[in-house]
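One structure below.
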Amino acid sequence: MAEAAYDTDNIFAKILRGEIPSHRVYEDEAVVAFMDVMPQGPGHTLVVPKAPSRNLLDADPATLGALFTVVQKVAVAVKKAFDADGLTLMQFNEPASGQTVYHLHVHVLPRFDGVPLKPHTGQMEKPEVLAENAGKIRAALAG
């Protein structure tokens with residue numbers, strides 16, 4: 001089965017263009033990291049390449065290098081910012097895997113012993129909570 005074409009109107013493409021607001025914690029020439037508006041736990045952050053890639057399967061290898069360099073940087077900051085016991089990284093490819101937004105992205109989730117992830121129910125987090133969590137991560141990145 002042929003891969004579907006990249007959709008320039010996906011929600012992450014709109015966030016990258018500034019058409020939809022986001023709580024950004026990191027940005028460089030190739031990658032942006034921002035808070036997930038429907039977090040599965042406090043500090044749930046998304047790391048997204050600026051290059052238009054539907055997912056890992058069609059991404060340019062150079063995009064992956066830049067992306068995962070930032071994933072590591074953000075993961076270290078998220079763990080520090082939330083004093084987490086560990087981290088879960090998730091990355092989905094195609095509908096059968098659970099991918100729902102067709103722009104390559106990596107979920108960074110701080111994890112705490114004995115605390116399960118919340119289900120991805122579509123429940124939006126309050127903007128002030130996202131702003132506060134973004135501030136914690138930005139401070140950890142700066143420190």
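Scheme for the structure tokens: letters A, B, ... for chains in order shown; per-chain residue numbers from 1; ligand numbers from 1 in order shown.
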Kindly assemble as CSV a list of the stretch 79-142 of chain A residues that lie within 12 Å of stretch 24-29 of chain A, each paired with its nearest atom pair and their distance in Å to one decimal, using only C-alpha atoms, sorted first by chain and then by ascending residue number.
```
residue,atom,partner,partner_atom,distance
A:Ala81,CA,A:Val25,CA,11.7
A:Leu130,CA,A:Arg24,CA,9.7
A:Ala131,CA,A:Arg24,CA,8.9
A:Glu132,CA,A:Val25,CA,10.9
A:Asn133,CA,A:Val25,CA,9.2
A:Ala134,CA,A:Val25,CA,5.6
A:Gly135,CA,A:Val25,CA,7.4
A:Lys136,CA,A:Val25,CA,8.9
A:Ile137,CA,A:Val25,CA,6.4
A:Arg138,CA,A:Val25,CA,5.3
A:Ala139,CA,A:Val25,CA,9.1
A:Ala140,CA,A:Val25,CA,9.9
A:Leu141,CA,A:Tyr26,CA,8.2
A:Ala142,CA,A:Tyr26,CA,10.1
```
Exercise. Just the residues within 7 Å of stretch 10-20 of chain A, please, counting only C-alpha atoms, with nothing from its chain fewer than 4 positions along; format it as a ChimeraX atom specification.
Key: /A:50,101-103
Output of the above residues as a tab-separated table (two decimals), in the first residue's frame, restricted to N, CA and C atoms:
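Written out: again_36.tsv:
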```
chain	number	residue	atom	x	y	z
A	50	LYS	N	10.40	20.68	12.08
A	50	LYS	CA	9.78	21.67	11.20
A	50	LYS	C	9.62	21.12	9.78
A	101	VAL	N	-2.25	12.30	14.41
A	101	VAL	CA	-1.81	13.53	13.74
A	101	VAL	C	-0.67	13.12	12.81
A	102	TYR	N	-0.85	13.42	11.52
A	102	TYR	CA	0.10	12.94	10.52
A	102	TYR	C	1.19	13.95	10.21
A	103	HIS	N	1.91	14.30	11.28
A	103	HIS	CA	3.17	15.04	11.21
A	103	HIS	C	4.06	14.36	12.25
```
Where does stretch 49-109 of chain A meet stretch 34-45 of chain A within 6 Å, residue by residue, with the nearest atom pair and distance in Å to one decimal for each, counting only C-alpha atoms, listed by chain and rising number, as JSON lines?
```
{"residue": "A:His107", "atom": "CA", "partner": "A:Thr45", "partner_atom": "CA", "distance": 5.9}
{"residue": "A:Val108", "atom": "CA", "partner": "A:Thr45", "partner_atom": "CA", "distance": 5.1}
{"residue": "A:Leu109", "atom": "CA", "partner": "A:His44", "partner_atom": "CA", "distance": 4.7}
```
Exercise. Give the alpha helix (DSSP H) residues of chain A, as assigned by DSSP on the backbone, as number ranges by chain.
Key: A: 11-16, 61-81, 127-142
Written file, previous selection with N, CA and C atoms, as a compact mmCIF listing (two decimals), in the first residue's frame:
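Writing the result to selection.txt gives the following:
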```
# COMPACT_ATOMS: atom_id res chain seq x y z
N ILE A 11 -2.75 19.62 12.22
CA ILE A 11 -2.70 20.56 13.35
C ILE A 11 -1.28 20.97 13.72
N PHE A 12 -0.30 20.07 13.61
CA PHE A 12 1.07 20.45 13.96
C PHE A 12 1.67 21.38 12.93
N ALA A 13 1.33 21.21 11.66
CA ALA A 13 1.79 22.15 10.64
C ALA A 13 1.23 23.54 10.93
N LYS A 14 -0.03 23.59 11.36
CA LYS A 14 -0.66 24.88 11.71
C LYS A 14 0.01 25.49 12.93
N ILE A 15 0.37 24.67 13.92
CA ILE A 15 1.10 25.17 15.09
C ILE A 15 2.46 25.71 14.66
N LEU A 16 3.17 24.98 13.80
CA LEU A 16 4.49 25.43 13.34
C LEU A 16 4.40 26.76 12.61
N PRO A 61 16.48 11.21 6.76
CA PRO A 61 17.35 10.85 7.89
C PRO A 61 17.96 12.07 8.60
N ALA A 62 18.24 13.14 7.87
CA ALA A 62 18.78 14.34 8.51
C ALA A 62 17.76 14.95 9.48
N THR A 63 16.49 14.85 9.13
CA THR A 63 15.43 15.33 10.01
C THR A 63 15.43 14.53 11.31
N LEU A 64 15.63 13.24 11.20
CA LEU A 64 15.62 12.38 12.39
C LEU A 64 16.77 12.71 13.33
N GLY A 65 17.93 12.98 12.77
CA GLY A 65 19.08 13.33 13.61
C GLY A 65 18.81 14.57 14.44
N ALA A 66 18.31 15.62 13.78
CA ALA A 66 18.00 16.86 14.49
C ALA A 66 16.88 16.64 15.51
N LEU A 67 15.85 15.88 15.10
CA LEU A 67 14.71 15.63 15.98
C LEU A 67 15.15 14.92 17.26
N PHE A 68 15.89 13.83 17.13
CA PHE A 68 16.22 13.05 18.31
C PHE A 68 17.29 13.70 19.18
N THR A 69 18.09 14.59 18.62
CA THR A 69 19.00 15.39 19.45
C THR A 69 18.17 16.27 20.39
N VAL A 70 17.11 16.87 19.86
CA VAL A 70 16.24 17.71 20.68
C VAL A 70 15.37 16.87 21.61
N VAL A 71 14.91 15.71 21.16
CA VAL A 71 14.14 14.82 22.05
C VAL A 71 14.96 14.55 23.31
N GLN A 72 16.23 14.23 23.15
CA GLN A 72 17.07 13.94 24.33
C GLN A 72 17.18 15.18 25.22
N LYS A 73 17.44 16.34 24.63
CA LYS A 73 17.59 17.58 25.40
C LYS A 73 16.30 17.89 26.17
N VAL A 74 15.17 17.78 25.50
CA VAL A 74 13.88 18.06 26.13
C VAL A 74 13.57 17.01 27.20
N ALA A 75 13.87 15.75 26.93
CA ALA A 75 13.61 14.68 27.89
C ALA A 75 14.38 14.93 29.20
N VAL A 76 15.63 15.30 29.09
CA VAL A 76 16.44 15.59 30.28
C VAL A 76 15.80 16.75 31.06
N ALA A 77 15.38 17.79 30.35
CA ALA A 77 14.77 18.95 31.01
C ALA A 77 13.43 18.61 31.64
N VAL A 78 12.61 17.80 30.96
CA VAL A 78 11.30 17.41 31.49
C VAL A 78 11.49 16.58 32.77
N LYS A 79 12.43 15.65 32.74
CA LYS A 79 12.68 14.83 33.94
C LYS A 79 13.08 15.71 35.11
N LYS A 80 13.97 16.67 34.84
CA LYS A 80 14.44 17.59 35.88
C LYS A 80 13.30 18.50 36.36
N ALA A 81 12.56 19.08 35.42
CA ALA A 81 11.52 20.06 35.75
C ALA A 81 10.42 19.47 36.63
N PRO A 127 -5.25 26.27 29.97
CA PRO A 127 -4.09 26.99 29.42
C PRO A 127 -3.11 27.46 30.50
N GLU A 128 -3.62 27.85 31.66
CA GLU A 128 -2.71 28.33 32.71
C GLU A 128 -1.84 27.19 33.25
N VAL A 129 -2.36 25.97 33.27
CA VAL A 129 -1.56 24.82 33.71
C VAL A 129 -0.49 24.53 32.66
N LEU A 130 -0.86 24.57 31.39
CA LEU A 130 0.13 24.35 30.31
C LEU A 130 1.21 25.42 30.36
N ALA A 131 0.83 26.67 30.59
CA ALA A 131 1.81 27.76 30.66
C ALA A 131 2.77 27.56 31.82
N GLU A 132 2.23 27.15 32.97
CA GLU A 132 3.07 26.92 34.14
C GLU A 132 4.05 25.76 33.89
N ASN A 133 3.54 24.67 33.32
CA ASN A 133 4.40 23.52 33.02
C ASN A 133 5.46 23.87 31.98
N ALA A 134 5.08 24.65 30.98
CA ALA A 134 6.04 25.09 29.96
C ALA A 134 7.14 25.92 30.61
N GLY A 135 6.78 26.78 31.53
CA GLY A 135 7.76 27.59 32.24
C GLY A 135 8.76 26.74 33.01
N LYS A 136 8.28 25.69 33.65
CA LYS A 136 9.17 24.78 34.38
C LYS A 136 10.19 24.14 33.45
N ILE A 137 9.73 23.72 32.28
CA ILE A 137 10.62 23.06 31.32
C ILE A 137 11.61 24.06 30.74
N ARG A 138 11.13 25.25 30.39
CA ARG A 138 12.05 26.28 29.87
C ARG A 138 13.14 26.60 30.91
N ALA A 139 12.76 26.68 32.19
CA ALA A 139 13.74 26.96 33.25
C ALA A 139 14.76 25.83 33.35
N ALA A 140 14.30 24.58 33.23
CA ALA A 140 15.21 23.44 33.28
C ALA A 140 16.14 23.43 32.07
N LEU A 141 15.63 23.83 30.90
CA LEU A 141 16.49 23.92 29.71
C LEU A 141 17.53 25.00 29.86
N ALA A 142 17.17 26.10 30.50
CA ALA A 142 18.09 27.23 30.67
C ALA A 142 19.14 26.95 31.75
```
Practice problem: Any chance you could list, as JSON, numbers by chain, the residues in stretch 95-143 of chain A that come up strand (DSSP E or B) when DSSP is run on the backbone? | Solution: {"A": [106, 107, 108, 109, 110, 111, 112, 115]}
Do you have, as a Markdown table, the list of residues of stretch 54-75 of chain A lying at most 8 Å from stretch 85-95 of chain A, each with its nearest atom pair and that distance in Å to one decimal, counting only C-alpha atoms and ordered by chain then number?
```
| residue | atom | partner | partner_atom | distance |
| --- | --- | --- | --- | --- |
| A:Asn55 | CA | A:Asn93 | CA | 5.8 |
| A:Leu56 | CA | A:Asn93 | CA | 6.6 |
| A:Leu57 | CA | A:Asn93 | CA | 7.2 |
| A:Ala75 | CA | A:Leu87 | CA | 7.3 |
```
Practice problem: Using only C-alpha atoms, pick whichever of A:Phe82, A:Val32, A:Met124, A:Val47 has the shortest atom-to-atom distance to A:Val106. | Solution: A:Val47
